[in-house]
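Asks: Provided below: target_37.txt, containing compact mmCIF, N, CA and C atoms.
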```txt
# COMPACT_ATOMS: atom_id res chain seq x y z
N MET A 1 134.28 137.03 102.06
CA MET A 1 134.11 135.70 101.52
C MET A 1 132.97 135.74 100.50
N SER A 2 133.22 135.22 99.32
CA SER A 2 132.24 135.25 98.25
C SER A 2 131.29 134.04 98.36
N MET A 3 130.00 134.29 98.20
CA MET A 3 128.99 133.23 98.30
C MET A 3 128.50 132.78 96.92
N SER A 4 129.08 133.30 95.86
CA SER A 4 128.58 132.96 94.52
C SER A 4 128.78 131.48 94.20
N SER A 5 129.88 130.88 94.64
CA SER A 5 130.07 129.46 94.36
C SER A 5 129.07 128.60 95.14
N MET A 6 128.71 129.02 96.33
CA MET A 6 127.72 128.29 97.12
C MET A 6 126.34 128.34 96.45
N THR A 7 125.97 129.47 95.91
CA THR A 7 124.67 129.57 95.23
C THR A 7 124.67 128.73 93.96
N ASP A 8 125.81 128.63 93.29
CA ASP A 8 125.90 127.76 92.11
C ASP A 8 125.67 126.30 92.49
N ILE A 9 126.26 125.88 93.57
CA ILE A 9 126.11 124.49 94.02
C ILE A 9 124.66 124.22 94.41
N VAL A 10 124.04 125.13 95.12
CA VAL A 10 122.64 124.96 95.52
C VAL A 10 121.75 124.91 94.28
N PHE A 11 122.00 125.74 93.32
CA PHE A 11 121.22 125.76 92.09
C PHE A 11 121.37 124.44 91.33
N LEU A 12 122.58 123.91 91.23
CA LEU A 12 122.82 122.64 90.55
C LEU A 12 122.15 121.48 91.29
N LEU A 13 122.19 121.49 92.61
CA LEU A 13 121.50 120.46 93.38
C LEU A 13 119.99 120.53 93.18
N LEU A 14 119.46 121.72 93.13
CA LEU A 14 118.02 121.89 92.89
C LEU A 14 117.63 121.31 91.54
N ILE A 15 118.39 121.60 90.52
CA ILE A 15 118.11 121.05 89.18
C ILE A 15 118.21 119.53 89.20
N PHE A 16 119.24 119.01 89.86
CA PHE A 16 119.42 117.55 89.94
C PHE A 16 118.21 116.88 90.59
N PHE A 17 117.75 117.41 91.71
CA PHE A 17 116.62 116.78 92.40
C PHE A 17 115.32 116.93 91.63
N LEU A 18 115.14 118.02 90.93
CA LEU A 18 113.93 118.18 90.11
C LEU A 18 113.91 117.18 88.96
N VAL A 19 115.03 116.98 88.32
CA VAL A 19 115.10 116.04 87.20
C VAL A 19 114.92 114.60 87.68
N THR A 20 115.59 114.22 88.76
CA THR A 20 115.49 112.84 89.23
C THR A 20 114.13 112.52 89.85
N SER A 21 113.47 113.49 90.42
CA SER A 21 112.17 113.21 91.02
C SER A 21 111.11 112.90 89.96
N THR A 22 111.27 113.40 88.75
CA THR A 22 110.31 113.07 87.70
C THR A 22 110.53 111.68 87.13
N LEU A 23 111.70 111.09 87.37
CA LEU A 23 112.00 109.76 86.87
C LEU A 23 111.59 108.64 87.82
N VAL A 24 111.08 108.97 88.99
CA VAL A 24 110.78 107.98 90.02
C VAL A 24 109.34 107.51 89.94
N ASN A 25 108.71 107.57 88.80
CA ASN A 25 107.33 107.14 88.66
C ASN A 25 107.30 105.66 88.30
N PRO A 26 106.91 104.75 89.24
CA PRO A 26 106.95 103.31 88.95
C PRO A 26 105.86 102.85 88.00
N ASN A 27 104.82 103.63 87.84
CA ASN A 27 103.70 103.22 87.01
C ASN A 27 103.45 104.30 85.98
N ALA A 28 103.97 104.12 84.76
CA ALA A 28 103.86 105.14 83.74
C ALA A 28 102.49 105.17 83.09
N LEU A 29 101.72 104.11 83.19
CA LEU A 29 100.38 104.09 82.62
C LEU A 29 99.42 104.82 83.54
N LYS A 30 98.49 105.53 82.95
CA LYS A 30 97.48 106.23 83.73
C LYS A 30 96.35 105.26 84.06
N LEU A 31 96.30 104.82 85.30
CA LEU A 31 95.29 103.87 85.75
C LEU A 31 94.48 104.47 86.88
N MET A 32 93.21 104.15 86.92
CA MET A 32 92.34 104.56 88.02
C MET A 32 92.29 103.39 88.99
N LEU A 33 93.20 103.41 89.99
CA LEU A 33 93.28 102.30 90.95
C LEU A 33 92.13 102.36 91.95
N PRO A 34 91.67 101.21 92.41
CA PRO A 34 90.66 101.21 93.47
C PRO A 34 91.25 101.75 94.76
N LYS A 35 90.39 102.25 95.64
CA LYS A 35 90.84 102.85 96.89
C LYS A 35 90.84 101.82 98.01
N SER A 36 91.80 101.98 98.95
CA SER A 36 91.92 101.05 100.06
C SER A 36 92.56 101.75 101.24
N THR A 37 92.29 101.25 102.46
CA THR A 37 92.92 101.81 103.65
C THR A 37 94.12 101.00 104.09
N GLY A 38 94.27 99.77 103.60
CA GLY A 38 95.37 98.91 103.99
C GLY A 38 96.65 99.23 103.23
N GLN A 39 97.78 99.06 103.89
CA GLN A 39 99.08 99.26 103.28
C GLN A 39 99.94 98.03 103.51
N VAL A 40 100.77 97.69 102.53
CA VAL A 40 101.65 96.53 102.62
C VAL A 40 103.08 97.01 102.68
N ALA A 41 103.88 96.39 103.55
CA ALA A 41 105.27 96.80 103.70
C ALA A 41 106.19 96.09 102.72
N ALA A 42 105.73 95.04 102.05
CA ALA A 42 106.57 94.29 101.12
C ALA A 42 106.92 95.13 99.90
N LYS A 43 108.09 94.89 99.35
CA LYS A 43 108.56 95.62 98.18
C LYS A 43 108.53 94.70 96.96
N ALA A 44 107.77 95.07 95.96
CA ALA A 44 107.68 94.28 94.74
C ALA A 44 108.84 94.62 93.81
N THR A 45 109.37 93.61 93.13
CA THR A 45 110.49 93.84 92.22
C THR A 45 110.02 93.99 90.78
N ALA A 46 108.78 93.66 90.49
CA ALA A 46 108.23 93.80 89.15
C ALA A 46 106.76 94.20 89.30
N SER A 47 106.19 94.69 88.21
CA SER A 47 104.78 95.05 88.25
C SER A 47 104.11 94.64 86.94
N VAL A 48 102.82 94.30 87.06
CA VAL A 48 101.99 94.00 85.90
C VAL A 48 100.83 94.97 85.95
N SER A 49 100.65 95.73 84.88
CA SER A 49 99.54 96.67 84.79
C SER A 49 98.51 96.12 83.83
N ILE A 50 97.23 96.21 84.22
CA ILE A 50 96.13 95.77 83.37
C ILE A 50 95.32 97.00 83.01
N LYS A 51 95.28 97.34 81.75
CA LYS A 51 94.60 98.55 81.27
C LYS A 51 93.29 98.16 80.61
N ASP A 52 92.22 98.85 81.00
CA ASP A 52 90.90 98.65 80.42
C ASP A 52 90.67 99.73 79.37
N TRP A 53 90.44 99.32 78.14
CA TRP A 53 90.24 100.29 77.05
C TRP A 53 88.77 100.61 76.86
N GLY A 54 87.88 100.02 77.65
CA GLY A 54 86.47 100.39 77.62
C GLY A 54 85.63 99.64 76.60
N ASP A 55 86.23 98.87 75.72
CA ASP A 55 85.47 98.15 74.71
C ASP A 55 85.63 96.64 74.86
N GLY A 56 85.91 96.20 76.09
CA GLY A 56 86.10 94.78 76.35
C GLY A 56 87.51 94.31 76.10
N ARG A 57 88.40 95.23 75.75
CA ARG A 57 89.81 94.87 75.52
C ARG A 57 90.62 95.24 76.76
N TYR A 58 91.50 94.33 77.16
CA TYR A 58 92.39 94.56 78.29
C TYR A 58 93.80 94.28 77.82
N THR A 59 94.72 95.18 78.15
CA THR A 59 96.12 94.97 77.77
C THR A 59 96.95 94.82 79.03
N TYR A 60 98.03 94.06 78.91
CA TYR A 60 98.92 93.75 80.01
C TYR A 60 100.28 94.38 79.74
N HIS A 61 100.82 95.06 80.74
CA HIS A 61 102.09 95.76 80.60
C HIS A 61 103.00 95.37 81.77
N ILE A 62 104.24 95.02 81.47
CA ILE A 62 105.22 94.67 82.50
C ILE A 62 106.05 95.90 82.84
N ASN A 63 106.13 96.23 84.12
CA ASN A 63 106.92 97.37 84.63
C ASN A 63 106.57 98.68 83.93
N GLY A 64 105.32 98.88 83.60
CA GLY A 64 104.86 100.15 83.04
C GLY A 64 105.25 100.39 81.60
N GLU A 65 105.69 99.37 80.89
CA GLU A 65 106.07 99.53 79.48
C GLU A 65 104.85 99.94 78.66
N GLU A 66 105.08 100.78 77.66
CA GLU A 66 103.98 101.21 76.79
C GLU A 66 103.51 100.08 75.88
N MET A 67 104.43 99.21 75.46
CA MET A 67 104.10 98.12 74.54
C MET A 67 103.38 97.01 75.31
N PRO A 68 102.12 96.71 74.95
CA PRO A 68 101.39 95.66 75.67
C PRO A 68 101.88 94.27 75.28
N LEU A 69 101.66 93.34 76.19
CA LEU A 69 101.99 91.94 75.96
C LEU A 69 100.70 91.13 76.00
N PRO A 70 100.62 90.05 75.21
CA PRO A 70 99.47 89.14 75.38
C PRO A 70 99.61 88.40 76.70
N LEU A 71 98.50 87.99 77.25
CA LEU A 71 98.51 87.29 78.55
C LEU A 71 99.40 86.05 78.50
N SER A 72 99.48 85.40 77.37
CA SER A 72 100.30 84.20 77.25
C SER A 72 101.79 84.49 77.43
N ARG A 73 102.24 85.73 77.19
CA ARG A 73 103.65 86.09 77.34
C ARG A 73 103.96 86.71 78.70
N VAL A 74 102.95 87.09 79.46
CA VAL A 74 103.16 87.75 80.75
C VAL A 74 103.91 86.81 81.70
N GLU A 75 103.51 85.55 81.76
CA GLU A 75 104.16 84.61 82.66
C GLU A 75 105.63 84.43 82.30
N GLU A 76 105.91 84.28 81.02
CA GLU A 76 107.29 84.12 80.55
C GLU A 76 108.16 85.32 80.94
N GLU A 77 107.64 86.52 80.77
CA GLU A 77 108.38 87.74 81.11
C GLU A 77 108.61 87.84 82.62
N LEU A 78 107.59 87.51 83.41
CA LEU A 78 107.74 87.56 84.87
C LEU A 78 108.77 86.56 85.36
N VAL A 79 108.76 85.36 84.79
CA VAL A 79 109.74 84.35 85.19
C VAL A 79 111.15 84.85 84.88
N ASP A 80 111.35 85.47 83.72
CA ASP A 80 112.66 86.01 83.36
C ASP A 80 113.10 87.11 84.33
N LEU A 81 112.15 87.96 84.74
CA LEU A 81 112.48 89.07 85.64
C LEU A 81 112.76 88.60 87.07
N LEU A 82 112.03 87.60 87.53
CA LEU A 82 112.08 87.22 88.94
C LEU A 82 112.91 85.97 89.23
N ILE A 83 113.56 85.42 88.22
CA ILE A 83 114.27 84.16 88.41
C ILE A 83 115.43 84.29 89.40
N THR A 84 116.05 85.46 89.50
CA THR A 84 117.20 85.62 90.39
C THR A 84 116.81 86.15 91.77
N GLU A 85 115.55 86.44 91.98
CA GLU A 85 115.10 87.01 93.25
C GLU A 85 115.00 85.94 94.32
N GLU A 86 115.41 86.29 95.52
CA GLU A 86 115.31 85.37 96.66
C GLU A 86 113.87 85.21 97.12
N ASP A 87 113.15 86.32 97.17
CA ASP A 87 111.74 86.32 97.58
C ASP A 87 110.94 87.00 96.47
N PRO A 88 110.64 86.28 95.37
CA PRO A 88 110.01 86.92 94.22
C PRO A 88 108.61 87.45 94.54
N THR A 89 108.45 88.75 94.30
CA THR A 89 107.17 89.41 94.55
C THR A 89 106.90 90.36 93.40
N PHE A 90 105.67 90.39 92.92
CA PHE A 90 105.29 91.39 91.94
C PHE A 90 103.96 92.00 92.32
N SER A 91 103.72 93.20 91.81
CA SER A 91 102.48 93.90 92.13
C SER A 91 101.61 93.99 90.88
N ILE A 92 100.31 94.02 91.11
CA ILE A 92 99.34 94.14 90.02
C ILE A 92 98.69 95.51 90.14
N TYR A 93 98.80 96.28 89.08
CA TYR A 93 98.12 97.57 88.97
C TYR A 93 97.03 97.39 87.93
N SER A 94 95.78 97.64 88.31
CA SER A 94 94.71 97.49 87.33
C SER A 94 93.73 98.64 87.47
N ASP A 95 93.10 98.95 86.33
CA ASP A 95 92.04 99.95 86.35
C ASP A 95 90.92 99.47 87.26
N GLU A 96 90.18 100.42 87.81
CA GLU A 96 89.05 100.09 88.68
C GLU A 96 88.01 99.27 87.94
N SER A 97 87.88 99.48 86.64
CA SER A 97 86.83 98.83 85.86
C SER A 97 87.22 97.46 85.31
N VAL A 98 88.44 97.01 85.57
CA VAL A 98 88.87 95.68 85.10
C VAL A 98 88.15 94.61 85.91
N PRO A 99 87.53 93.64 85.25
CA PRO A 99 86.84 92.58 85.99
C PRO A 99 87.81 91.75 86.82
N VAL A 100 87.30 91.21 87.90
CA VAL A 100 88.12 90.42 88.81
C VAL A 100 88.71 89.21 88.08
N GLY A 101 88.01 88.68 87.11
CA GLY A 101 88.49 87.53 86.36
C GLY A 101 89.82 87.79 85.67
N GLU A 102 90.00 89.00 85.16
CA GLU A 102 91.27 89.36 84.50
C GLU A 102 92.40 89.44 85.52
N ILE A 103 92.10 89.96 86.70
CA ILE A 103 93.11 90.06 87.75
C ILE A 103 93.48 88.67 88.26
N VAL A 104 92.48 87.79 88.38
CA VAL A 104 92.73 86.43 88.85
C VAL A 104 93.62 85.66 87.88
N LYS A 105 93.51 85.94 86.59
CA LYS A 105 94.39 85.29 85.61
C LYS A 105 95.86 85.59 85.92
N VAL A 106 96.14 86.83 86.30
CA VAL A 106 97.51 87.22 86.63
C VAL A 106 97.90 86.63 88.00
N MET A 107 96.95 86.57 88.92
CA MET A 107 97.23 85.97 90.23
C MET A 107 97.54 84.48 90.09
N ASN A 108 96.92 83.81 89.13
CA ASN A 108 97.20 82.40 88.89
C ASN A 108 98.64 82.18 88.42
N ILE A 109 99.18 83.15 87.70
CA ILE A 109 100.59 83.09 87.31
C ILE A 109 101.46 83.06 88.56
N ALA A 110 101.13 83.89 89.54
CA ALA A 110 101.88 83.93 90.79
C ALA A 110 101.76 82.59 91.52
N LYS A 111 100.59 82.02 91.53
CA LYS A 111 100.38 80.75 92.23
C LYS A 111 101.17 79.62 91.58
N ARG A 112 101.15 79.56 90.25
CA ARG A 112 101.88 78.50 89.53
C ARG A 112 103.38 78.56 89.77
N ASN A 113 103.91 79.78 89.93
CA ASN A 113 105.35 79.96 90.07
C ASN A 113 105.79 80.23 91.50
N HIS A 114 104.86 80.14 92.45
CA HIS A 114 105.14 80.35 93.87
C HIS A 114 105.70 81.76 94.14
N TYR A 115 105.08 82.76 93.50
CA TYR A 115 105.45 84.15 93.71
C TYR A 115 104.47 84.77 94.70
N LYS A 116 104.93 85.79 95.40
CA LYS A 116 104.02 86.60 96.20
C LYS A 116 103.48 87.70 95.30
N VAL A 117 102.24 88.09 95.55
CA VAL A 117 101.62 89.11 94.71
C VAL A 117 100.98 90.18 95.58
N ILE A 118 101.06 91.42 95.12
CA ILE A 118 100.46 92.57 95.81
C ILE A 118 99.50 93.23 94.84
N LEU A 119 98.27 93.46 95.27
CA LEU A 119 97.31 94.19 94.45
C LEU A 119 97.37 95.65 94.86
N ALA A 120 97.83 96.50 93.95
CA ALA A 120 98.03 97.91 94.24
C ALA A 120 96.70 98.66 94.29
N THR A 121 96.58 99.56 95.24
CA THR A 121 95.40 100.41 95.39
C THR A 121 95.84 101.83 95.71
N GLN A 122 94.91 102.76 95.59
CA GLN A 122 95.16 104.14 96.00
C GLN A 122 94.74 104.29 97.46
N PRO A 123 95.48 105.06 98.24
CA PRO A 123 95.05 105.29 99.63
C PRO A 123 93.78 106.14 99.66
N GLU A 124 92.91 105.85 100.62
CA GLU A 124 91.67 106.63 100.76
C GLU A 124 91.92 107.95 101.45
```
Can you turn what I pasted into structure tokens?
Replies:
Amino acid sequence: MSMSSMTDIVFLLLIFFLVTSTLVNPNALKLMLPKSTGQVAAKATASVSIKDWGDGRYTYHINGEEMPLPLSRVEEELVDLLITEEDPTFSIYSDESVPVGEIVKVMNIAKRNHYKVILATQPE
């Protein structure tokens, strides 16, 4: 019995899993998240990333998009994304150096629209 076809299948599966595992990155922006010991079981359907550029500028990104949005458009985009969700939840990813005031601005969007919000952290 020849095993060459079996090795071909294993090789193709290996390539498939290697390629798909690189696509499973939910946060494409490089952020230094704060550390935490708590974990949340809820699953967010959208994410807002707040990037600190170090010169007092903060940019907002929906679902890890490279193109930043002004804060005034973040709420509109989130409403469009979460309008069909039964239990709308989004997560906030922010750099460690982003002031709490910037994070609270995004949390206020959740409060106005009755969304649940998760603040993402790195495990300790």
Asks: Tell me which of A:Glu86, A:Glu75, A:Asp8, A:Glu96 sits closest to Thr45 (chain A), counting only C-alpha atoms.
Replies: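 Closest residue, counting only C-alpha atoms: A:Glu86.
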Asks: What is the atom C of Glu65 (chain A) to CA of Leu81 (chain A) distance in Å?
Replies: 15.0 Å
Asks: Find the spatial neighbours of Ala44 (chain A), counting only C-alpha atoms, within a cut-off of 6 Å - ignore same-chain residues fewer than 2 positions away - and output them as a ChimeraX atom specification.
Replies: /A:46,89-91
Asks: Hey, can you check how far CA of Ile83 (chain A) sits from CA of Gly64 (chain A)?
Replies: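 Separation of CA of Ile83 (chain A) and CA of Gly64 (chain A): 19.3 Å.
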Asks: Quick one: residues within 6 Å of His61 (chain A), only N, CA and C atoms, excluding same-chain residues fewer than 2 positions away - as a list in words?
Replies: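 The residues satisfying every condition are Ser47, Val48, Ser49, Ile50, Thr59, Asn63, Gly64, Glu65, Met67, Pro68 and Leu69 of chain A.
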Asks: Generate a file of the selected residues that holds N, CA and C atoms, formatted as an mmCIF file, keeping the file's coordinate frame.
Replies:
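Written output follows (selection39.cif):
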```cif
data_model
loop_
_atom_site.group_PDB
_atom_site.id
_atom_site.type_symbol
_atom_site.label_atom_id
_atom_site.label_comp_id
_atom_site.auth_asym_id
_atom_site.auth_seq_id
_atom_site.Cartn_x
_atom_site.Cartn_y
_atom_site.Cartn_z
ATOM 1 N N SER A 47 106.190 94.690 88.210
ATOM 2 C CA SER A 47 104.780 95.050 88.250
ATOM 3 C C SER A 47 104.110 94.640 86.940
ATOM 4 N N VAL A 48 102.820 94.300 87.060
ATOM 5 C CA VAL A 48 101.990 94.000 85.900
ATOM 6 C C VAL A 48 100.830 94.970 85.950
ATOM 7 N N SER A 49 100.650 95.730 84.880
ATOM 8 C CA SER A 49 99.540 96.670 84.790
ATOM 9 C C SER A 49 98.510 96.120 83.830
ATOM 10 N N ILE A 50 97.230 96.210 84.220
ATOM 11 C CA ILE A 50 96.130 95.770 83.370
ATOM 12 C C ILE A 50 95.320 97.000 83.010
ATOM 13 N N THR A 59 94.720 95.180 78.150
ATOM 14 C CA THR A 59 96.120 94.970 77.770
ATOM 15 C C THR A 59 96.950 94.820 79.030
ATOM 16 N N ASN A 63 106.130 96.230 84.120
ATOM 17 C CA ASN A 63 106.920 97.370 84.630
ATOM 18 C C ASN A 63 106.570 98.680 83.930
ATOM 19 N N GLY A 64 105.320 98.880 83.600
ATOM 20 C CA GLY A 64 104.860 100.150 83.040
ATOM 21 C C GLY A 64 105.250 100.390 81.600
ATOM 22 N N GLU A 65 105.690 99.370 80.890
ATOM 23 C CA GLU A 65 106.070 99.530 79.480
ATOM 24 C C GLU A 65 104.850 99.940 78.660
ATOM 25 N N MET A 67 104.430 99.210 75.460
ATOM 26 C CA MET A 67 104.100 98.120 74.540
ATOM 27 C C MET A 67 103.380 97.010 75.310
ATOM 28 N N PRO A 68 102.120 96.710 74.950
ATOM 29 C CA PRO A 68 101.390 95.660 75.670
ATOM 30 C C PRO A 68 101.880 94.270 75.280
ATOM 31 N N LEU A 69 101.660 93.340 76.190
ATOM 32 C CA LEU A 69 101.990 91.940 75.960
ATOM 33 C C LEU A 69 100.700 91.130 76.000
#
```
Asks: Please, what is the axis-aligned box for every listed atom of region 108-121 of chain A with 3 Å on each side, as centre and edge lengths in Å to one decimal, as JSON?
Replies:
```
{"center_x": 100.6, "center_y": 90.2, "center_z": 91.8, "size_x": 16.4, "size_y": 29.3, "size_z": 14.9}
```
Asks: In Å, rounded to a single decimal, give me how far CA of Ser72 (chain A) is from CA of Asn108 (chain A).
Replies: 12.2 Å
Asks: May I ask which of the residues A:Val79, A:Met6, A:Leu71, A:Leu12 is the closest one to Arg112 (chain A), counting only C-alpha atoms?
Replies: A:Val79
